[in-house]
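J.: Structure: run35.cif, mmCIF, C-alpha atoms and all ligand atoms.
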data_my_file
loop_
_atom_site.group_PDB
_atom_site.id
_atom_site.type_symbol
_atom_site.label_atom_id
_atom_site.label_comp_id
_atom_site.auth_asym_id
_atom_site.auth_seq_id
_atom_site.Cartn_x
_atom_site.Cartn_y
_atom_site.Cartn_z
ATOM 1 C CA MET O 187 54.748 66.391 -63.070
ATOM 2 C CA THR O 188 56.950 63.464 -63.909
ATOM 3 C CA THR O 189 59.051 62.000 -61.168
ATOM 4 C CA VAL O 190 62.446 60.736 -62.151
ATOM 5 C CA PRO O 191 63.529 57.975 -59.796
ATOM 6 C CA SER O 192 66.729 58.933 -58.040
ATOM 7 C CA ARG O 193 69.615 56.512 -58.093
ATOM 8 C CA PRO O 194 72.569 57.104 -55.863
ATOM 9 C CA GLY O 195 75.008 56.906 -58.777
ATOM 10 C CA ARG O 196 78.287 55.070 -59.105
ATOM 11 C CA MET O 197 80.316 57.787 -57.411
ATOM 12 C CA SER O 198 78.209 57.967 -54.238
ATOM 13 C CA ALA O 199 79.792 55.062 -52.399
ATOM 14 C CA LEU O 200 83.241 56.423 -53.236
ATOM 15 C CA LEU O 201 82.417 59.878 -51.911
ATOM 16 C CA ALA O 202 80.384 58.955 -48.852
ATOM 17 C CA GLY O 203 81.798 59.589 -45.413
ATOM 18 C CA ARG O 204 85.453 59.931 -46.325
ATOM 19 C CA PRO O 205 87.692 61.851 -43.962
ATOM 20 C CA TRP O 206 90.176 62.590 -46.762
ATOM 21 C CA PRO O 207 89.705 63.425 -50.434
ATOM 22 C CA LEU O 208 89.700 61.286 -53.536
ATOM 23 C CA VAL O 209 92.565 61.994 -55.907
ATOM 24 C CA MET O 210 91.427 62.855 -59.447
ATOM 25 C CA GLY O 211 94.179 62.563 -62.066
ATOM 26 C CA ILE O 212 94.179 65.076 -64.921
ATOM 27 C CA VAL O 213 94.443 63.800 -68.489
ATOM 28 C CA ASN O 214 94.417 66.457 -71.213
ATOM 29 C CA ILE O 215 93.832 65.231 -74.728
ATOM 30 C CA THR O 216 95.275 67.856 -77.018
ATOM 31 C CA PRO O 217 96.965 67.360 -80.379
ATOM 32 C CA ASP O 218 99.356 70.290 -79.785
ATOM 33 C CA SER O 219 102.176 68.199 -78.381
ATOM 34 C CA PHE O 220 101.803 65.468 -81.035
ATOM 35 C CA PHE O 221 102.463 67.570 -84.096
ATOM 36 C CA ASP O 222 103.458 64.655 -86.339
ATOM 37 C CA GLY O 223 101.430 61.760 -84.970
ATOM 38 C CA GLY O 224 97.837 62.841 -85.549
ATOM 39 C CA ARG O 225 94.766 61.368 -83.901
ATOM 40 C CA HIS O 226 96.060 57.898 -83.118
ATOM 41 C CA ALA O 227 99.182 59.199 -81.406
ATOM 42 C CA SER O 228 97.310 61.652 -79.209
ATOM 43 C CA THR O 229 94.785 58.946 -78.223
ATOM 44 C CA ALA O 230 97.568 56.499 -77.355
ATOM 45 C CA ALA O 231 99.488 59.121 -75.393
ATOM 46 C CA ALA O 232 96.423 60.110 -73.363
ATOM 47 C CA VAL O 233 95.503 56.474 -72.647
ATOM 48 C CA GLY O 234 99.080 55.746 -71.610
ATOM 49 C CA HIS O 235 99.188 58.755 -69.340
ATOM 50 C CA ALA O 236 95.867 57.808 -67.735
ATOM 51 C CA ARG O 237 97.084 54.244 -67.101
ATOM 52 C CA ARG O 238 100.192 55.641 -65.420
ATOM 53 C CA LEU O 239 98.101 57.882 -63.168
ATOM 54 C CA ILE O 240 95.907 54.891 -62.255
ATOM 55 C CA GLU O 241 99.038 52.896 -61.335
ATOM 56 C CA GLU O 242 100.126 55.844 -59.208
ATOM 57 C CA GLY O 243 96.869 55.498 -57.288
ATOM 58 C CA ALA O 244 94.381 57.883 -58.899
ATOM 59 C CA ASP O 245 90.872 57.240 -57.537
ATOM 60 C CA LEU O 246 89.363 58.666 -60.720
ATOM 61 C CA ILE O 247 90.478 60.233 -63.988
ATOM 62 C CA ASP O 248 89.308 63.501 -65.573
ATOM 63 C CA LEU O 249 89.465 63.474 -69.386
ATOM 64 C CA GLY O 250 89.417 66.805 -71.187
ATOM 65 C CA GLY O 251 89.570 67.619 -74.898
ATOM 66 C CA GLU O 252 89.048 71.366 -74.701
ATOM 67 C CA SER O 253 91.654 73.730 -73.353
ATOM 68 C CA THR O 254 90.036 75.917 -70.710
ATOM 69 C CA ARG O 255 93.288 77.578 -69.719
ATOM 70 C CA PRO O 256 93.192 81.361 -69.606
ATOM 71 C CA GLY O 257 93.313 82.826 -73.120
ATOM 72 C CA ALA O 258 92.356 79.563 -74.863
ATOM 73 C CA GLY O 259 89.911 79.779 -77.759
ATOM 74 C CA PRO O 260 87.092 77.316 -78.486
ATOM 75 C CA VAL O 261 87.685 73.822 -79.918
ATOM 76 C CA PRO O 262 85.122 72.766 -82.585
ATOM 77 C CA PRO O 263 82.547 70.313 -81.152
ATOM 78 C CA GLU O 264 83.429 67.454 -83.544
ATOM 79 C CA GLU O 265 87.096 67.880 -82.692
ATOM 80 C CA GLU O 266 86.410 67.720 -78.950
ATOM 81 C CA MET O 267 84.321 64.545 -79.422
ATOM 82 C CA ALA O 268 87.025 62.950 -81.608
ATOM 83 C CA ARG O 269 89.630 63.638 -78.934
ATOM 84 C CA VAL O 270 87.701 62.408 -75.906
ATOM 85 C CA LEU O 271 85.544 59.457 -76.980
ATOM 86 C CA PRO O 272 88.301 57.058 -78.177
ATOM 87 C CA VAL O 273 90.215 57.644 -74.930
ATOM 88 C CA LEU O 274 87.079 57.038 -72.875
ATOM 89 C CA GLU O 275 86.399 53.802 -74.798
ATOM 90 C CA ALA O 276 89.949 52.574 -74.230
ATOM 91 C CA LEU O 277 89.789 53.289 -70.485
ATOM 92 C CA ARG O 278 86.302 52.074 -69.650
ATOM 93 C CA ASN O 279 87.659 48.883 -68.078
ATOM 94 C CA ALA O 280 90.720 50.480 -66.512
ATOM 95 C CA GLY O 281 89.273 50.070 -63.024
ATOM 96 C CA VAL O 282 88.494 53.639 -61.956
ATOM 97 C CA PRO O 283 85.531 55.919 -62.628
ATOM 98 C CA LEU O 284 86.008 58.299 -65.542
ATOM 99 C CA SER O 285 85.043 61.954 -65.486
ATOM 100 C CA VAL O 286 84.693 64.007 -68.663
ATOM 101 C CA ASP O 287 85.569 67.687 -68.574
ATOM 102 C CA THR O 288 83.232 69.310 -71.099
ATOM 103 C CA ARG O 289 80.762 72.157 -71.518
ATOM 104 C CA ARG O 290 78.966 70.529 -74.459
ATOM 105 C CA PRO O 291 75.687 68.598 -74.024
ATOM 106 C CA THR O 292 76.339 66.420 -77.099
ATOM 107 C CA LEU O 293 79.595 65.156 -75.632
ATOM 108 C CA MET O 294 77.981 64.796 -72.185
ATOM 109 C CA ARG O 295 75.367 62.445 -73.666
ATOM 110 C CA ALA O 296 77.891 60.463 -75.702
ATOM 111 C CA ALA O 297 80.271 60.184 -72.742
ATOM 112 C CA LEU O 298 77.550 59.004 -70.373
ATOM 113 C CA ALA O 299 76.364 56.452 -72.962
ATOM 114 C CA ALA O 300 79.978 55.243 -73.226
ATOM 115 C CA GLY O 301 80.228 54.703 -69.474
ATOM 116 C CA ALA O 302 81.510 57.965 -67.953
ATOM 117 C CA ALA O 303 80.653 58.193 -64.242
ATOM 118 C CA MET O 304 80.925 61.949 -63.942
ATOM 119 C CA ILE O 305 80.610 65.171 -65.912
ATOM 120 C CA ASN O 306 82.967 67.974 -64.918
ATOM 121 C CA ASP O 307 81.563 71.185 -66.413
ATOM 122 C CA VAL O 308 83.565 74.390 -65.901
ATOM 123 C CA SER O 309 80.480 76.366 -66.974
ATOM 124 C CA ALA O 310 78.152 74.624 -64.473
ATOM 125 C CA LEU O 311 75.634 73.399 -67.096
ATOM 126 C CA ARG O 312 75.260 76.846 -68.685
ATOM 127 C CA GLU O 313 74.937 75.536 -72.297
ATOM 128 C CA PRO O 314 71.349 75.013 -73.451
ATOM 129 C CA GLY O 315 70.541 71.309 -73.094
ATOM 130 C CA ALA O 316 73.302 70.563 -70.597
ATOM 131 C CA ILE O 317 70.963 70.143 -67.630
ATOM 132 C CA GLU O 318 68.776 67.768 -69.655
ATOM 133 C CA ALA O 319 71.839 65.799 -70.747
ATOM 134 C CA VAL O 320 72.744 64.875 -67.170
ATOM 135 C CA ALA O 321 69.261 64.847 -65.588
ATOM 136 C CA GLY O 322 67.819 61.380 -65.138
ATOM 137 C CA THR O 323 71.192 59.691 -65.459
ATOM 138 C CA ASP O 324 73.149 58.277 -62.527
ATOM 139 C CA ALA O 325 76.198 60.426 -63.248
ATOM 140 C CA SER O 326 77.833 62.731 -60.755
ATOM 141 C CA VAL O 327 78.145 66.322 -61.925
ATOM 142 C CA CYS O 328 80.721 68.884 -60.874
ATOM 143 C CA LEU O 329 79.356 72.427 -61.099
ATOM 144 C CA MET O 330 82.241 74.871 -61.266
ATOM 145 C CA HIS O 331 82.024 78.630 -60.900
ATOM 146 C CA MET O 332 83.567 80.733 -63.682
ATOM 147 C CA GLN O 333 83.287 84.457 -64.278
ATOM 148 C CA GLY O 334 83.224 85.108 -68.042
ATOM 149 C CA GLU O 335 84.736 82.869 -70.721
ATOM 150 C CA PRO O 336 88.175 81.154 -70.794
ATOM 151 C CA ARG O 337 89.458 83.386 -73.622
ATOM 152 C CA THR O 338 88.924 86.638 -71.707
ATOM 153 C CA MET O 339 88.204 85.721 -68.070
ATOM 154 C CA GLN O 340 91.575 86.808 -66.674
ATOM 155 C CA GLN O 341 91.550 90.233 -68.360
ATOM 156 C CA ALA O 342 89.668 92.120 -65.656
ATOM 157 C CA PRO O 343 87.981 89.911 -63.071
ATOM 158 C CA ARG O 344 85.820 91.934 -60.648
ATOM 159 C CA TYR O 345 83.958 91.020 -57.506
ATOM 160 C CA GLY O 346 82.347 92.768 -54.591
ATOM 161 C CA ASP O 347 82.626 89.888 -52.131
ATOM 162 C CA VAL O 348 83.875 86.886 -54.087
ATOM 163 C CA VAL O 349 82.701 84.288 -51.565
ATOM 164 C CA ALA O 350 79.245 85.838 -51.335
ATOM 165 C CA GLU O 351 78.982 85.783 -55.141
ATOM 166 C CA VAL O 352 80.244 82.274 -55.740
ATOM 167 C CA GLU O 353 78.258 80.592 -52.989
ATOM 168 C CA PRO O 354 74.727 81.420 -54.255
ATOM 169 C CA VAL O 355 75.668 80.704 -57.888
ATOM 170 C CA VAL O 356 76.724 77.256 -56.882
ATOM 171 C CA ARG O 357 73.626 76.771 -54.729
ATOM 172 C CA ARG O 358 71.242 77.995 -57.452
ATOM 173 C CA VAL O 359 72.705 75.790 -60.166
ATOM 174 C CA ALA O 360 72.496 72.791 -57.884
ATOM 175 C CA ASP O 361 68.789 73.510 -57.385
ATOM 176 C CA VAL O 362 68.170 73.909 -61.131
ATOM 177 C CA VAL O 363 69.704 70.518 -61.811
ATOM 178 C CA LEU O 364 67.468 68.932 -59.234
ATOM 179 C CA GLU O 365 64.355 70.669 -60.624
ATOM 180 C CA ALA O 366 65.068 69.253 -64.069
ATOM 181 C CA ARG O 367 64.938 65.799 -62.522
ATOM 182 C CA GLY O 368 61.504 66.395 -60.995
ATOM 183 C CA ALA O 369 60.239 68.461 -58.105
ATOM 184 C CA ALA O 370 59.659 65.300 -56.100
ATOM 185 C CA CYS O 371 63.391 64.658 -56.020
ATOM 186 C CA VAL O 372 63.997 68.116 -54.602
ATOM 187 C CA ALA O 373 61.294 67.637 -51.962
ATOM 188 C CA ALA O 374 62.814 64.314 -51.002
ATOM 189 C CA GLY O 375 66.250 65.864 -50.980
ATOM 190 C CA SER O 376 67.456 63.063 -53.213
ATOM 191 C CA GLY O 377 69.765 63.430 -56.172
ATOM 192 C CA ARG O 378 71.774 65.986 -54.279
ATOM 193 C CA GLU O 379 74.393 63.397 -53.383
ATOM 194 C CA ARG O 380 75.528 63.291 -57.005
ATOM 195 C CA ILE O 381 76.296 66.998 -57.249
ATOM 196 C CA LEU O 382 79.713 68.429 -56.485
ATOM 197 C CA VAL O 383 80.578 72.096 -56.353
ATOM 198 C CA ASP O 384 83.824 73.846 -57.186
ATOM 199 C CA PRO O 385 84.794 77.496 -56.654
ATOM 200 C CA GLY O 386 86.812 77.384 -59.906
ATOM 201 C CA PHE O 387 90.256 78.592 -58.854
ATOM 202 C CA GLY O 388 91.771 80.797 -61.564
ATOM 203 C CA PHE O 389 88.583 81.027 -63.632
ATOM 204 C CA GLY O 390 88.004 84.776 -63.795
ATOM 205 C CA LYS O 391 89.624 85.421 -60.403
ATOM 206 C CA ARG O 392 92.455 87.535 -59.094
ATOM 207 C CA PHE O 393 94.953 86.193 -56.577
ATOM 208 C CA GLU O 394 93.017 87.686 -53.661
ATOM 209 C CA ASP O 395 89.737 86.202 -54.956
ATOM 210 C CA ASN O 396 91.336 82.750 -55.096
ATOM 211 C CA LEU O 397 92.683 83.192 -51.583
ATOM 212 C CA ALA O 398 89.299 84.267 -50.200
ATOM 213 C CA LEU O 399 87.646 81.238 -51.824
ATOM 214 C CA ALA O 400 90.305 78.862 -50.503
ATOM 215 C CA ARG O 401 89.644 80.174 -47.002
ATOM 216 C CA ALA O 402 85.897 79.695 -47.553
ATOM 217 C CA LEU O 403 86.189 76.007 -48.512
ATOM 218 C CA PRO O 404 84.658 74.799 -45.237
ATOM 219 C CA ARG O 405 81.624 77.010 -45.941
ATOM 220 C CA LEU O 406 81.264 75.691 -49.509
ATOM 221 C CA ALA O 407 81.687 72.135 -48.218
ATOM 222 C CA ARG O 408 78.457 72.555 -46.270
ATOM 223 C CA LEU O 409 76.528 72.941 -49.583
ATOM 224 C CA ALA O 410 77.834 69.832 -51.307
ATOM 225 C CA PRO O 411 81.014 67.803 -51.707
ATOM 226 C CA VAL O 412 83.683 70.193 -52.998
ATOM 227 C CA LEU O 413 86.106 69.518 -55.831
ATOM 228 C CA VAL O 414 89.298 71.587 -55.657
ATOM 229 C CA GLY O 415 91.581 72.265 -58.619
ATOM 230 C CA LEU O 416 94.734 74.158 -57.649
ATOM 231 C CA SER O 417 97.367 71.910 -59.219
ATOM 232 C CA ARG O 418 100.153 73.936 -60.888
ATOM 233 C CA LYS O 419 97.906 76.986 -61.241
ATOM 234 C CA SER O 420 99.204 80.549 -61.289
ATOM 235 C CA MET O 421 98.129 81.114 -57.691
ATOM 236 C CA ILE O 422 100.727 78.510 -56.661
ATOM 237 C CA GLY O 423 103.204 80.267 -58.949
ATOM 238 C CA VAL O 424 102.564 83.582 -57.213
ATOM 239 C CA MET O 425 102.950 82.037 -53.754
ATOM 240 C CA THR O 426 106.217 80.262 -54.590
ATOM 241 C CA GLY O 427 107.714 82.589 -57.190
ATOM 242 C CA ARG O 428 107.729 79.704 -59.714
ATOM 243 C CA THR O 429 106.950 81.075 -63.153
ATOM 244 C CA ALA O 430 107.043 77.669 -64.910
ATOM 245 C CA ALA O 431 103.991 75.467 -64.195
ATOM 246 C CA ALA O 432 106.244 72.368 -64.235
ATOM 247 C CA ASP O 433 108.139 73.742 -61.187
ATOM 248 C CA ARG O 434 105.039 73.944 -59.005
ATOM 249 C CA LEU O 435 104.946 70.323 -57.751
ATOM 250 C CA ALA O 436 105.763 70.958 -54.088
ATOM 251 C CA GLY O 437 103.525 74.011 -53.935
ATOM 252 C CA SER O 438 100.689 72.058 -55.533
ATOM 253 C CA VAL O 439 101.063 69.200 -53.057
ATOM 254 C CA ALA O 440 100.913 71.677 -50.166
ATOM 255 C CA ALA O 441 97.779 73.175 -51.701
ATOM 256 C CA ALA O 442 96.149 69.742 -51.987
ATOM 257 C CA LEU O 443 96.885 69.043 -48.312
ATOM 258 C CA TRP O 444 95.479 72.414 -47.306
ATOM 259 C CA ALA O 445 92.337 71.718 -49.359
ATOM 260 C CA ALA O 446 92.022 68.309 -47.724
ATOM 261 C CA ARG O 447 92.260 69.925 -44.294
ATOM 262 C CA GLN O 448 89.468 72.356 -45.330
ATOM 263 C CA GLY O 449 87.170 69.477 -46.260
ATOM 264 C CA ALA O 450 87.685 68.955 -50.020
ATOM 265 C CA ALA O 451 85.987 65.780 -51.296
ATOM 266 C CA ILE O 452 88.100 65.534 -54.467
ATOM 267 C CA VAL O 453 91.436 67.098 -55.363
ATOM 268 C CA ARG O 454 92.085 67.420 -59.112
ATOM 269 C CA VAL O 455 95.826 67.034 -59.665
ATOM 270 C CA HIS O 456 98.534 66.465 -62.275
ATOM 271 C CA ASP O 457 100.909 64.741 -59.829
ATOM 272 C CA VAL O 458 99.008 61.760 -58.466
ATOM 273 C CA ALA O 459 101.847 59.813 -56.791
ATOM 274 C CA ALA O 460 103.180 62.817 -54.874
ATOM 275 C CA THR O 461 99.699 63.891 -53.799
ATOM 276 C CA ARG O 462 98.810 60.359 -52.659
ATOM 277 C CA ASP O 463 101.986 60.107 -50.556
ATOM 278 C CA ALA O 464 101.376 63.490 -48.954
ATOM 279 C CA LEU O 465 97.748 62.624 -48.146
ATOM 280 C CA ALA O 466 98.800 59.245 -46.714
ATOM 281 C CA VAL O 467 101.296 60.887 -44.346
ATOM 282 C CA TRP O 468 98.940 63.678 -43.381
ATOM 283 C CA ARG O 469 95.987 61.430 -42.624
ATOM 284 C CA GLN O 470 98.071 59.105 -40.454
ATOM 285 C CA PHE O 471 99.334 62.052 -38.417
ATOM 286 C CA GLU O 472 95.724 63.140 -38.107
ATOM 287 C CA GLY O 473 94.860 59.690 -36.739
ATOM 288 C CA GLU O 474 92.743 58.425 -39.632
ATOM 289 C CA GLY O 475 95.341 55.717 -40.132
ATOM 290 C CA ARG O 476 94.872 52.847 -42.533
HETATM 291 C C1 LIG E 1 99.027 74.962 -65.179
HETATM 292 C C2 LIG E 1 98.324 73.815 -65.340
HETATM 293 C C3 LIG E 1 98.348 76.155 -65.104
HETATM 294 C C4 LIG E 1 96.949 73.838 -65.444
HETATM 295 C C5 LIG E 1 96.976 76.175 -65.204
HETATM 296 C C6 LIG E 1 96.269 75.016 -65.369
HETATM 297 C C7 LIG E 1 89.594 73.013 -63.096
HETATM 298 C C8 LIG E 1 88.843 72.189 -63.931
HETATM 299 C C9 LIG E 1 90.507 73.012 -65.031
HETATM 300 C C10 LIG E 1 89.178 73.197 -61.744
HETATM 301 C C11 LIG E 1 87.359 71.704 -62.252
HETATM 302 C C12 LIG E 1 93.952 74.169 -65.319
HETATM 303 C C13 LIG E 1 88.952 71.495 -66.326
HETATM 304 C C14 LIG E 1 92.632 74.638 -65.779
HETATM 305 N N1 LIG E 1 90.649 73.507 -63.797
HETATM 306 N N2 LIG E 1 87.732 71.533 -63.518
HETATM 307 N N3 LIG E 1 89.433 72.203 -65.147
HETATM 308 N N4 LIG E 1 88.051 72.517 -61.377
HETATM 309 N N5 LIG E 1 86.273 71.089 -61.794
HETATM 310 N N6 LIG E 1 94.900 75.115 -65.502
HETATM 311 O O1 LIG E 1 89.745 73.931 -60.947
HETATM 312 O O2 LIG E 1 94.144 73.067 -64.876
HETATM 313 S S1 LIG E 1 91.559 73.353 -66.391
#
Do you think you could lay out the structure here as structure tokens?
Ligand code: 8Y4
T.:
Amino acid sequence: MTTVPSRPGRMSALLAGRPWPLVMGIVNITPDSFFDGGRHASTAAAVGHARRLIEEGADLIDLGGESTRPGAGPVPPEEEMARVLPVLEALRNAGVPLSVDTRRPTLMRAALAAGAAMINDVSALREPGAIEAVAGTDASVCLMHMQGEPRTMQQAPRYGDVVAEVEPVVRRVADVVLEARGAACVAAGSGRERILVDPGFGFGKRFEDNLALARALPRLARLAPVLVGLSRKSMIGVMTGRTAAADRLAGSVAAALWAARQGAAIVRVHDVAATRDALAVWRQFEGEGR
């Protein structure tokens, strides 16, 4: 049995003992909106957007080159790499830890070699080789729960008790990751501090499933630090009657505050400045002033 020494990881100090969540800014790298500019234009746009979110006060940035929105089809692996890696390179000295949103072990390895501090995997290391790609590194890993696949997951989501089903999935995957790093780490309870869990709002879930999971955040937060992604999602649209995602700012900010109150460790958001302001006001009313 080989024992992999456990390092706390670069994210640990950031996450430890915080009474309010870190704000993770979302940067999607997709060529769709840059129909005439090609690769260089989409890289520059993503880097520019990330720099703006950092100026707005993002504690970390999540870079994604694959659309995991409901109904989205797969992006070829080389294409995903070509989208993400140049942006990661350009931002490595931007002053905040970088997370890479990917399901692919090849990109996980390349991203970690290029300095990424975290892997955000919406399939919770389901791909063969994904566990090995992160094991033995000092990266944090977010394990998100998803029922099905992005292309079809919203067609007919079904659960008995959604909280009861999500909780053990998250717990089991966390254990598998630790096993891959050596049984000694599990026995020592080390390595666990680098794992985050995420109920995966909107990923194969109906409105009532999302609501049940939101109400169970304190329970999930006892397993591991919880990452919450509600920003502009359809659940917020249903609650506010806003059909356009761009009109969901206020609802999304309220959701981030609610998640903070329930013990979220990281909130993943599009609107960093607004979320930061809301958290600053909330935490000073709470008496965590700074
Ligand atoms: C409008 C805007 C409507 C965005 C829907 C969306 C999560 C995530 C996504 C999440 C973690 C999204 C990559 C879906 N959501 N990663 N990724 N947690 N860890 N949809 O909730 O933002 S993409």
J.: (83.8, 82.0, -54.7) in this file's frame - what residues fall within 8 Å of it? Use all atoms listed in the file and give the answer as an MDAnalysis selection string.
T.: chainID O and resid 331 348:353 385:386 395:396 398:399 402
J.: What would the file look like if the residues just selected were written as a short mmCIF file (atom, residue, chain, number, x, y, z; two decimals), in the coordinates of the input with C-alpha atoms?
T.:
data_model
loop_
_atom_site.label_atom_id
_atom_site.label_comp_id
_atom_site.auth_asym_id
_atom_site.auth_seq_id
_atom_site.Cartn_x
_atom_site.Cartn_y
_atom_site.Cartn_z
CA HIS O 331 82.02 78.63 -60.90
CA VAL O 348 83.88 86.89 -54.09
CA VAL O 349 82.70 84.29 -51.56
CA ALA O 350 79.24 85.84 -51.34
CA GLU O 351 78.98 85.78 -55.14
CA VAL O 352 80.24 82.27 -55.74
CA GLU O 353 78.26 80.59 -52.99
CA PRO O 385 84.79 77.50 -56.65
CA GLY O 386 86.81 77.38 -59.91
CA ASP O 395 89.74 86.20 -54.96
CA ASN O 396 91.34 82.75 -55.10
CA ALA O 398 89.30 84.27 -50.20
CA LEU O 399 87.65 81.24 -51.82
CA ALA O 402 85.90 79.69 -47.55
#
J.: Pull out every residue that the PyMOL selection byres (((not hetatm)) within 7 of (chain E and resi 1)) matches in the shown coordinates and put them as a list in words.
T.: Gly250, Ser253, Thr254, Arg255, Asp287, Asn306, Asp307, Val308, Cys328, Met330, Asp384, Gly386, Phe387, Leu413, Val414, Gly415, Leu416, Ser417, Arg418, Lys419, Ser420, Ala431 and Arg454 of chain O
J.: Have a look at CA of Gln448 (chain O) and CA of Pro404 (chain O) and let me know their distance in Å, one decimal.
T.: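 Between CA of Gln448 (chain O) and CA of Pro404 (chain O) the gap is 5.4 Å.
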J.: Out of O:Leu406, O:Glu265, O:Leu329, O:Leu397, which residue has the shortest atom-to-atom distance to Ala441 (chain O) when counting all atoms listed in the file?
T.: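 Answer, going by the shortest atom-to-atom distance: O:Leu397.
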J.: Separation of CA of Gly203 (chain O) and CA of Met332 (chain O), in Å?
T.: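 CA of Met332 (chain O) lies 28.0 Å from CA of Gly203 (chain O).
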J.: Apply the PyMOL selection byres (((chain O and resi 464) around 12) and not hetatm) to the structure shown and report the selected residues as an MDAnalysis selection string.
T.: chainID O and resid 206:207 209 435:444 446 457:463 465:471
J.: So, counting only C-alpha atoms, which residue among O:Ser309, O:Gln341, O:Ser198, O:Gln333 is closest to Val383 (chain O)?
T.: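 The shortest atom-to-atom distance to Val383 (chain O) comes from O:Ser309.
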J.: Identify which of the residues O:Glu241, O:Glu379, O:Glu335, O:Asp248 lies closest to Ala202 (chain O), counting all atoms listed in the file when measuring atom-to-atom distances.
T.: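 Selected residue with least distance to Ala202 (chain O): O:Glu379.
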J.: For Val327 (chain O), which of O:Met267, O:Ala400, O:Val273, O:Leu311 is the closest residue, counting all atoms listed in the file?
T.: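 Using all atoms listed in the file, the shortest distance to Val327 (chain O) belongs to O:Leu311.
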J.: Tell me, in Å to one decimal, how far CA of Gly427 (chain O) is from CA of Gln340 (chain O).
T.: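 Distance between the two atoms: 19.2 Å.
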J.: I'd like to know which of O:Arg312, O:Gly322, O:Phe389, O:Pro291 is closest to Gly334 (chain O), using all atoms listed in the file.
T.: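 Looking only at the distances to Gly334 (chain O), the closest residue turns out to be O:Phe389.
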J.: Counting only C-alpha atoms, figure out which residue out of O:Glu472, O:Glu264, O:Asp245, O:Glu313 gets nearest to Pro283 (chain O).
T.: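 Using only C-alpha atoms, Pro283 (chain O) sits closest to O:Asp245.
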J.: Going by the chain IDs and residue numbers used in this file, which residues fall under the PyMOL selection byres (((chain O and resi 336) around 6) and not hetatm)? Write them as an mmCIF file with C-alpha atoms, keeping the file's coordinate frame.
T.:
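That gives us expr_16.cif:
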data_model
loop_
_atom_site.group_PDB
_atom_site.id
_atom_site.type_symbol
_atom_site.label_atom_id
_atom_site.label_comp_id
_atom_site.auth_asym_id
_atom_site.auth_seq_id
_atom_site.Cartn_x
_atom_site.Cartn_y
_atom_site.Cartn_z
ATOM 1 C CA THR O 254 90.036 75.917 -70.710
ATOM 2 C CA PRO O 256 93.192 81.361 -69.606
ATOM 3 C CA GLY O 257 93.313 82.826 -73.120
ATOM 4 C CA GLU O 335 84.736 82.869 -70.721
ATOM 5 C CA ARG O 337 89.458 83.386 -73.622
ATOM 6 C CA THR O 338 88.924 86.638 -71.707
ATOM 7 C CA MET O 339 88.204 85.721 -68.070
#
J.: For Ala319 (chain O), find every residue with an atom within 10 Å (counting only C-alpha atoms), except residues of its own chain fewer than 4 positions away, and show them as a short mmCIF file (atom, residue, chain, number, x, y, z; two decimals) with C-alpha atoms, in the frame of the given file.
T.:
data_model
loop_
_atom_site.label_atom_id
_atom_site.label_comp_id
_atom_site.auth_asym_id
_atom_site.auth_seq_id
_atom_site.Cartn_x
_atom_site.Cartn_y
_atom_site.Cartn_z
CA ARG O 290 78.97 70.53 -74.46
CA PRO O 291 75.69 68.60 -74.02
CA THR O 292 76.34 66.42 -77.10
CA LEU O 293 79.60 65.16 -75.63
CA MET O 294 77.98 64.80 -72.18
CA ARG O 295 75.37 62.44 -73.67
CA ALA O 296 77.89 60.46 -75.70
CA LEU O 298 77.55 59.00 -70.37
CA LEU O 311 75.63 73.40 -67.10
CA PRO O 314 71.35 75.01 -73.45
CA GLY O 315 70.54 71.31 -73.09
CA THR O 323 71.19 59.69 -65.46
#
J.: List as CSV every residue of region 273-347 of chain O that is in contact with region 224-230 of chain O, defined as an atom at most 12 Å from one of its atoms (using all atoms listed in the file), together with the nearest atom pair and the distance in Å rounded to one decimal, sorted by chain and then rising number.
T.:
residue,atom,partner,partner_atom,distance
O:Val273,CA,O:Thr229,CA,5.8
O:Leu274,CA,O:Thr229,CA,9.6
O:Glu275,CA,O:Thr229,CA,10.4
O:Ala276,CA,O:Thr229,CA,8.9
O:Leu277,CA,O:Thr229,CA,10.8
J.: Would you list the residues near (97.1, 56.9, -64.0) (no more than 12 Å away, in the coordinates of the file, using all atoms listed in the file) as a PyMOL selection string?
T.: chain O and resi 209-213+231-249+277+280-284+455-459+462
